[in-house]
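A.B. asks: Sharing model_23.txt below, compact mmCIF, C-alpha atoms:
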```txt
# COMPACT_ATOMS: atom_id res chain seq x y z
CA MET T 1 107.38 73.97 81.20
CA LYS T 2 109.04 76.63 79.05
CA LYS T 3 106.92 79.76 78.62
CA ARG T 4 105.60 80.59 75.17
CA GLU T 5 106.63 84.01 73.91
CA VAL T 6 103.58 85.90 72.63
CA GLU T 7 103.54 89.43 71.23
CA VAL T 8 100.04 90.35 72.46
CA VAL T 9 97.73 88.53 74.88
CA VAL T 10 94.13 89.73 75.33
CA ILE T 11 91.96 88.50 78.19
CA SER T 12 88.61 89.86 79.31
CA ASP T 13 85.58 89.13 81.49
CA ILE T 14 87.49 87.38 84.27
CA HIS T 15 85.05 88.60 86.95
CA LEU T 16 87.41 88.25 89.90
CA GLY T 17 85.39 88.33 93.10
CA THR T 18 82.59 86.07 91.83
CA TYR T 19 81.97 82.37 92.38
CA GLY T 20 81.95 81.67 88.65
CA CYS T 21 85.50 82.90 88.02
CA HIS T 22 88.04 80.23 87.03
CA ALA T 23 91.00 82.04 88.58
CA GLY T 24 93.10 78.89 89.02
CA GLU T 25 92.83 78.04 85.35
CA LEU T 26 93.60 81.62 84.32
CA LEU T 27 96.65 81.72 86.58
CA SER T 28 97.92 78.47 85.06
CA TYR T 29 97.54 79.97 81.58
CA LEU T 30 99.22 83.27 82.48
CA LYS T 31 102.18 81.37 83.92
CA SER T 32 102.57 79.52 80.62
CA VAL T 33 103.04 82.61 78.42
CA LYS T 34 105.53 85.46 78.17
CA PRO T 35 103.68 88.39 76.56
CA LYS T 36 105.24 91.61 75.36
CA ILE T 37 101.85 93.33 75.75
CA LEU T 38 98.96 92.23 77.96
CA ILE T 39 95.55 93.79 77.33
CA LEU T 40 93.00 93.36 80.13
CA ASN T 41 89.90 94.09 78.07
CA GLY T 42 87.33 94.88 80.76
CA ASP T 43 85.39 93.19 83.57
CA ILE T 44 88.57 91.98 85.24
CA ILE T 45 87.38 92.66 88.79
CA ASP T 46 83.61 92.39 89.24
CA ILE T 47 83.00 95.47 91.36
CA TRP T 48 79.23 95.14 90.87
CA GLN T 49 79.16 91.98 92.98
CA PHE T 50 82.13 92.72 95.21
CA ASN T 51 79.85 93.14 98.24
CA LYS T 52 79.81 89.36 98.60
CA SER T 53 83.15 89.63 100.43
CA TYR T 54 84.26 86.66 98.33
CA TRP T 55 87.94 86.82 97.42
CA PRO T 56 89.78 83.46 97.47
CA GLU T 57 93.55 83.17 97.42
CA SER T 58 93.57 82.17 93.73
CA HIS T 59 91.92 85.49 92.83
CA MET T 60 94.64 87.36 94.71
CA GLN T 61 97.28 85.25 92.94
CA VAL T 62 95.99 86.45 89.56
CA ILE T 63 96.43 90.08 90.68
CA LYS T 64 99.90 89.31 92.03
CA HIS T 65 100.93 87.66 88.78
CA ILE T 66 99.83 90.67 86.75
CA THR T 67 101.68 93.06 89.06
CA GLY T 68 104.68 90.76 88.66
CA LEU T 69 104.50 91.32 84.90
CA LEU T 70 104.62 95.06 85.56
CA ALA T 71 107.82 94.56 87.51
CA LYS T 72 109.22 92.87 84.39
CA ARG T 73 108.15 95.92 82.36
CA VAL T 74 105.53 94.08 80.36
CA LYS T 75 103.19 96.70 78.86
CA VAL T 76 99.77 96.23 80.51
CA TYR T 77 96.65 98.09 79.36
CA TYR T 78 93.68 97.89 81.71
CA VAL T 79 90.68 98.64 79.49
CA THR T 80 87.65 99.48 81.62
CA GLY T 81 84.40 97.52 81.33
CA ASN T 82 80.94 97.81 82.83
CA HIS T 83 81.56 95.54 85.82
CA ASP T 84 84.69 97.54 86.74
CA GLU T 85 83.31 100.89 85.56
CA MET T 86 84.44 102.62 88.79
CA LEU T 87 87.93 102.57 87.29
CA ARG T 88 86.73 104.91 84.53
CA LYS T 89 87.33 107.72 87.01
CA PHE T 90 91.04 106.89 86.70
CA VAL T 91 91.27 106.70 82.90
CA GLY T 92 94.60 108.19 81.86
CA PHE T 93 96.35 106.95 85.01
CA LYS T 94 99.84 105.57 84.34
CA MET T 95 102.17 103.78 86.69
CA GLY T 96 105.27 102.21 85.24
CA SER T 97 104.14 100.02 82.36
CA LEU T 98 100.47 100.00 83.49
CA GLN T 99 97.90 102.29 81.90
CA ILE T 100 94.13 102.55 82.58
CA VAL T 101 92.21 103.36 79.40
CA ASN T 102 88.79 103.17 77.76
CA LYS T 103 90.28 101.99 74.47
CA VAL T 104 93.61 101.10 72.90
CA VAL T 105 94.83 101.47 69.32
CA LEU T 106 97.98 99.53 68.44
CA ASN T 107 100.00 99.21 65.25
CA LEU T 108 100.55 95.50 64.69
CA ASP T 109 102.87 94.80 61.78
CA GLY T 110 101.53 97.78 59.85
CA LYS T 111 97.87 97.11 60.67
CA LYS T 112 95.73 99.11 63.08
CA ALA T 113 94.03 97.23 65.92
CA TRP T 114 91.27 98.83 68.01
CA PHE T 115 90.66 97.35 71.47
CA PHE T 116 87.72 98.20 73.76
CA HIS T 117 85.39 96.27 76.07
CA GLY T 118 82.13 96.74 74.16
CA ASP T 119 79.53 97.70 76.76
CA VAL T 120 79.24 101.08 75.04
CA PHE T 121 77.00 99.29 72.52
CA ASP T 122 74.76 97.81 75.18
CA VAL T 123 71.50 99.79 75.26
CA ILE T 124 70.36 97.97 78.40
CA MET T 125 73.55 99.02 80.15
CA GLN T 126 72.96 102.68 79.36
CA ASN T 127 69.22 102.92 79.96
CA SER T 128 68.41 100.29 82.61
CA LYS T 129 71.52 99.68 84.69
CA TRP T 130 69.56 98.19 87.60
CA LEU T 131 68.14 95.56 85.20
CA ALA T 132 71.61 94.73 83.91
CA LYS T 133 72.87 94.30 87.47
CA LEU T 134 69.95 92.04 88.30
CA GLY T 135 70.77 89.98 85.22
CA ALA T 136 74.42 89.72 86.32
CA LYS T 137 73.37 88.26 89.66
CA GLY T 138 71.10 85.75 87.92
CA TYR T 139 73.94 84.82 85.57
CA ASP T 140 76.30 84.25 88.50
CA THR T 141 73.73 81.98 90.18
CA LEU T 142 73.26 80.04 86.93
CA ILE T 143 77.02 79.54 86.65
CA LEU T 144 77.15 78.20 90.23
CA ILE T 145 74.39 75.69 89.51
CA ASN T 146 76.13 74.78 86.24
CA ARG T 147 79.44 74.08 88.01
CA LEU T 148 77.71 71.85 90.56
CA PHE T 149 75.95 69.96 87.76
CA ASN T 150 79.21 69.48 85.83
CA HIS T 151 81.02 68.29 88.97
CA ILE T 152 78.41 65.57 89.45
CA SER T 153 78.37 64.82 85.71
CA GLU T 154 82.15 64.33 85.61
CA LYS T 155 81.98 62.02 88.63
CA MET T 156 79.50 59.91 86.66
CA GLY T 157 81.84 59.85 83.68
CA LYS T 158 79.74 62.16 81.51
CA GLY T 159 80.68 65.36 79.73
CA LYS T 160 80.19 69.01 80.64
CA LEU T 161 77.24 71.16 79.67
CA SER T 162 77.01 74.96 79.63
CA PHE T 163 73.53 76.13 80.61
CA SER T 164 74.28 79.75 79.74
CA LYS T 165 75.67 78.86 76.29
CA LYS T 166 72.62 76.75 75.58
CA ILE T 167 70.32 79.60 76.58
CA LYS T 168 72.26 82.18 74.54
CA ASN T 169 72.31 79.95 71.47
CA SER T 170 68.61 79.07 71.66
CA VAL T 171 67.00 82.41 72.56
CA LYS T 172 66.48 84.41 69.37
CA SER T 173 66.83 87.78 71.09
CA ALA T 174 70.20 86.74 72.56
CA VAL T 175 71.47 85.54 69.18
CA LYS T 176 70.26 88.77 67.56
CA PHE T 177 71.98 90.86 70.24
CA ILE T 178 75.30 89.10 69.64
CA ASN T 179 74.98 89.48 65.85
CA ASP T 180 74.06 93.16 66.20
CA PHE T 181 76.94 93.74 68.62
CA GLU T 182 79.46 92.23 66.20
CA GLN T 183 78.08 94.15 63.20
CA ILE T 184 78.05 97.51 65.01
CA ALA T 185 81.64 97.00 66.17
CA ALA T 186 82.68 96.08 62.65
CA ASP T 187 80.83 98.98 61.00
CA ILE T 188 82.50 101.57 63.26
CA ALA T 189 85.91 99.93 62.83
CA ILE T 190 85.56 99.95 59.02
CA SER T 191 84.50 103.61 59.00
CA ASN T 192 87.65 104.45 60.98
CA ALA T 193 89.91 102.35 58.73
CA TYR T 194 90.90 99.86 61.42
CA ASP T 195 92.10 96.42 60.34
CA TYR T 196 91.14 94.68 63.59
CA VAL T 197 88.44 95.38 66.19
CA VAL T 198 88.89 93.48 69.45
CA CYS T 199 86.14 93.30 72.08
CA GLY T 200 84.97 91.37 75.13
CA HIS T 201 81.69 91.86 77.03
CA ILE T 202 79.43 89.29 75.34
CA HIS T 203 81.38 86.20 76.53
CA GLN T 204 81.43 84.86 72.97
CA PRO T 205 84.98 84.14 71.71
CA GLY T 206 85.49 84.45 67.98
CA ILE T 207 87.52 85.59 65.01
CA LYS T 208 85.70 86.46 61.80
CA LYS T 209 85.81 88.73 58.77
CA ILE T 210 82.87 91.12 58.63
CA LYS T 211 82.01 93.18 55.55
CA ASN T 212 79.76 96.10 54.73
CA LYS T 213 79.42 98.44 51.76
CA GLU T 214 82.48 100.44 52.87
CA GLY T 215 84.92 97.59 53.34
CA GLU T 216 86.01 94.72 55.58
CA VAL T 217 87.48 94.24 59.05
CA THR T 218 88.58 91.34 61.22
CA TYR T 219 86.36 91.17 64.30
CA LEU T 220 87.77 89.40 67.37
CA ASN T 221 86.36 88.64 70.81
CA SER T 222 88.44 87.27 73.68
CA GLY T 223 85.53 85.43 75.32
CA ASP T 224 85.72 85.05 79.10
CA TRP T 225 87.06 83.11 82.11
CA ILE T 226 83.64 82.13 83.45
CA GLU T 227 82.42 79.54 80.96
CA ASN T 228 84.61 79.57 77.83
CA LEU T 229 88.07 80.03 79.43
CA THR T 230 89.57 81.70 76.36
CA ALA T 231 92.09 84.36 75.40
CA LEU T 232 93.32 85.96 72.20
CA GLU T 233 96.96 85.72 71.17
CA TYR T 234 98.73 87.69 68.43
CA ASN T 235 102.03 86.41 67.12
CA ASN T 236 103.96 86.65 63.84
CA GLY T 237 101.19 88.58 62.11
CA ALA T 238 98.38 86.19 63.02
CA TRP T 239 95.64 85.95 65.65
CA LYS T 240 94.39 82.80 67.35
CA ILE T 241 91.96 81.90 70.12
CA TYR T 242 93.56 80.12 73.07
CA GLN T 243 91.16 77.62 74.66
CA PHE T 244 92.10 76.34 78.09
CA ASP T 245 90.06 73.15 77.80
CA GLU T 246 92.14 72.15 74.76
CA ASP T 247 95.42 72.69 76.64
CA LEU T 248 95.56 69.22 78.15
CA GLN T 249 98.76 69.81 80.17
CA ARG T 250 97.33 72.92 81.80
CA VAL T 251 94.02 71.18 82.54
CA LYS T 252 95.86 68.27 84.13
CA ASN T 253 97.99 70.59 86.27
CA VAL T 254 94.98 72.52 87.59
CA LYS T 255 93.05 69.34 88.45
CA THR T 256 96.08 67.92 90.25
CA ASN T 257 96.74 71.09 92.25
CA ARG T 258 93.13 72.01 92.96
CA LYS T 259 92.22 72.36 96.63
CA LYS T 260 89.38 73.92 98.58
CA GLU T 261 90.13 77.56 99.25
CA PRO T 262 89.08 79.50 102.33
CA GLU T 263 87.01 82.58 101.59
CA MET T 264 88.79 85.84 102.25
CA ASN T 265 86.50 88.36 103.91
CA ASN T 266 87.42 92.04 104.35
CA ARG T 267 89.24 91.40 107.63
CA VAL T 268 91.40 88.66 106.15
CA ILE T 269 92.14 90.74 103.04
CA PHE T 270 93.24 93.67 105.21
CA GLU T 271 95.44 91.47 107.40
CA ASN T 272 97.08 90.00 104.30
CA LEU T 273 97.67 93.50 102.96
CA VAL T 274 99.30 94.54 106.24
CA ARG T 275 101.49 91.44 106.10
CA GLU T 276 102.36 92.09 102.45
CA PHE T 277 103.71 95.57 103.25
CA ASN T 278 105.42 94.41 106.44
CA PHE T 279 103.48 96.85 108.61
CA VAL T 280 104.05 96.29 112.32
CA ARG T 281 101.25 96.81 114.82
CA HIS T 282 102.18 98.56 118.08
```
Do you think you could lay out the structure here as structure tokens?

C.D. replies:
Amino acid sequence: MKKREVEVVVISDIHLGTYGCHAGELLSYLKSVKPKILILNGDIIDIWQFNKSYWPESHMQVIKHITGLLAKRVKVYYVTGNHDEMLRKFVGFKMGSLQIVNKVVLNLDGKKAWFFHGDVFDVIMQNSKWLAKLGAKGYDTLILINRLFNHISEKMGKGKLSFSKKIKNSVKSAVKFINDFEQIAADIAISNAYDYVVCGHIHQPGIKKIKNKEGEVTYLNSGDWIENLTALEYNNGAWKIYQFDEDLQRVKNVKTNRKKEPEMNNRVIFENLVREFNFVRH
């Protein structure tokens, strides 16, 4: 299939290195587009849970595809998030068309767009990091159970169900947190005269106008590749949410090509790295 040319693609919350990551679906999407700018808006590699030694081939293929884009001189911004916060030590690092940053401000057709992950607003993240990490592990377990349930449900000819979405949409404190998150992002963006504010972090894709007494801004969230499988695309002066589950050709291709992957522990990863660089053992 011919690749779609897109001016800006924003993806976030991929969580490579976890069981819940839909790396195969993401790879299929990335192969279908030809971006001028790719913004990786945080939580790309889940360093928090990397001690599982879980790194399937499809996760490595996502990294290889992104490095391939660098070779084609596609501008790639790696915006740091909380799950890959170790990379904040390297903010300012540039290599070719790759840059590691905490935020990005772009001029898009005369309008200013502000990109950042969003965990800076998370009080829990700043004051009780151990609790946030515990919650991340629980979330990953819930996603695993959810995927098993949906696999059985599809075999029985029934539809999918997202446990985590249901919980987030039914628990008042979760709904309030999301609403507060969006309003805080919008308020700061308006006070700085930005036209767009683009976040990740809360795994809640969306595009909406938000107003306050000072003005109005377009708030956008790229969602995630754990449960929503979404991205943001900017083209010809307009934003849209890409939803993998609505891309029937891509869904069909992934289901056809899906196969059980061997887990890649540290030894296997190292041996693959040696092979990749053509090192010879003596």

A.B. asks: Between T:Phe244, T:Trp239, T:Tyr219, T:Tyr194, which is the closest to T:Gly110 once you count all atoms listed in the file?

C.D. replies: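 With all atoms listed in the file as the atom set, the closest residue is T:Tyr194.
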
A.B. asks: If I take atom CA of T:Val120 and atom CA of T:Glu85, how far is one from the other in Å, to one decimal?

C.D. replies: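 For atom CA of T:Val120 relative to atom CA of T:Glu85, the distance reads 11.3 Å.
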
A.B. asks: Do a neighbour search on T:Glu182 at 12 Å with all atoms listed in the file, toss out local chain neighbours closer than 6 positions, and write the hits as a list in words.

C.D. replies: Gly118, Asp119, Phe121, Asp122, Val175, Lys176, Ile188, Ala189, Val197, Val198, Cys199, Gly200, His201, Ile202, Gln204, Pro205, Gly206, Ile207, Lys208, Lys209, Ile210, Lys211, Val217, Thr218, Tyr219, Leu220 and Asn221 of chain T

A.B. asks: To one decimal place, how far is atom CA of T:Asp195 from atom CA of T:Lys112 in Å?

C.D. replies: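 Value for the atom CA of T:Asp195-atom CA of T:Lys112 distance: 5.3 Å.
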
A.B. asks: Report as a PyMOL selection string all protein, DNA and RNA residues lying within 9 Å of T:Tyr242, evaluated on only C-alpha atoms, omitting residues in the same chain fewer than 2 positions from it.

C.D. replies: chain T and resi 222+229-233+240+244+246-247
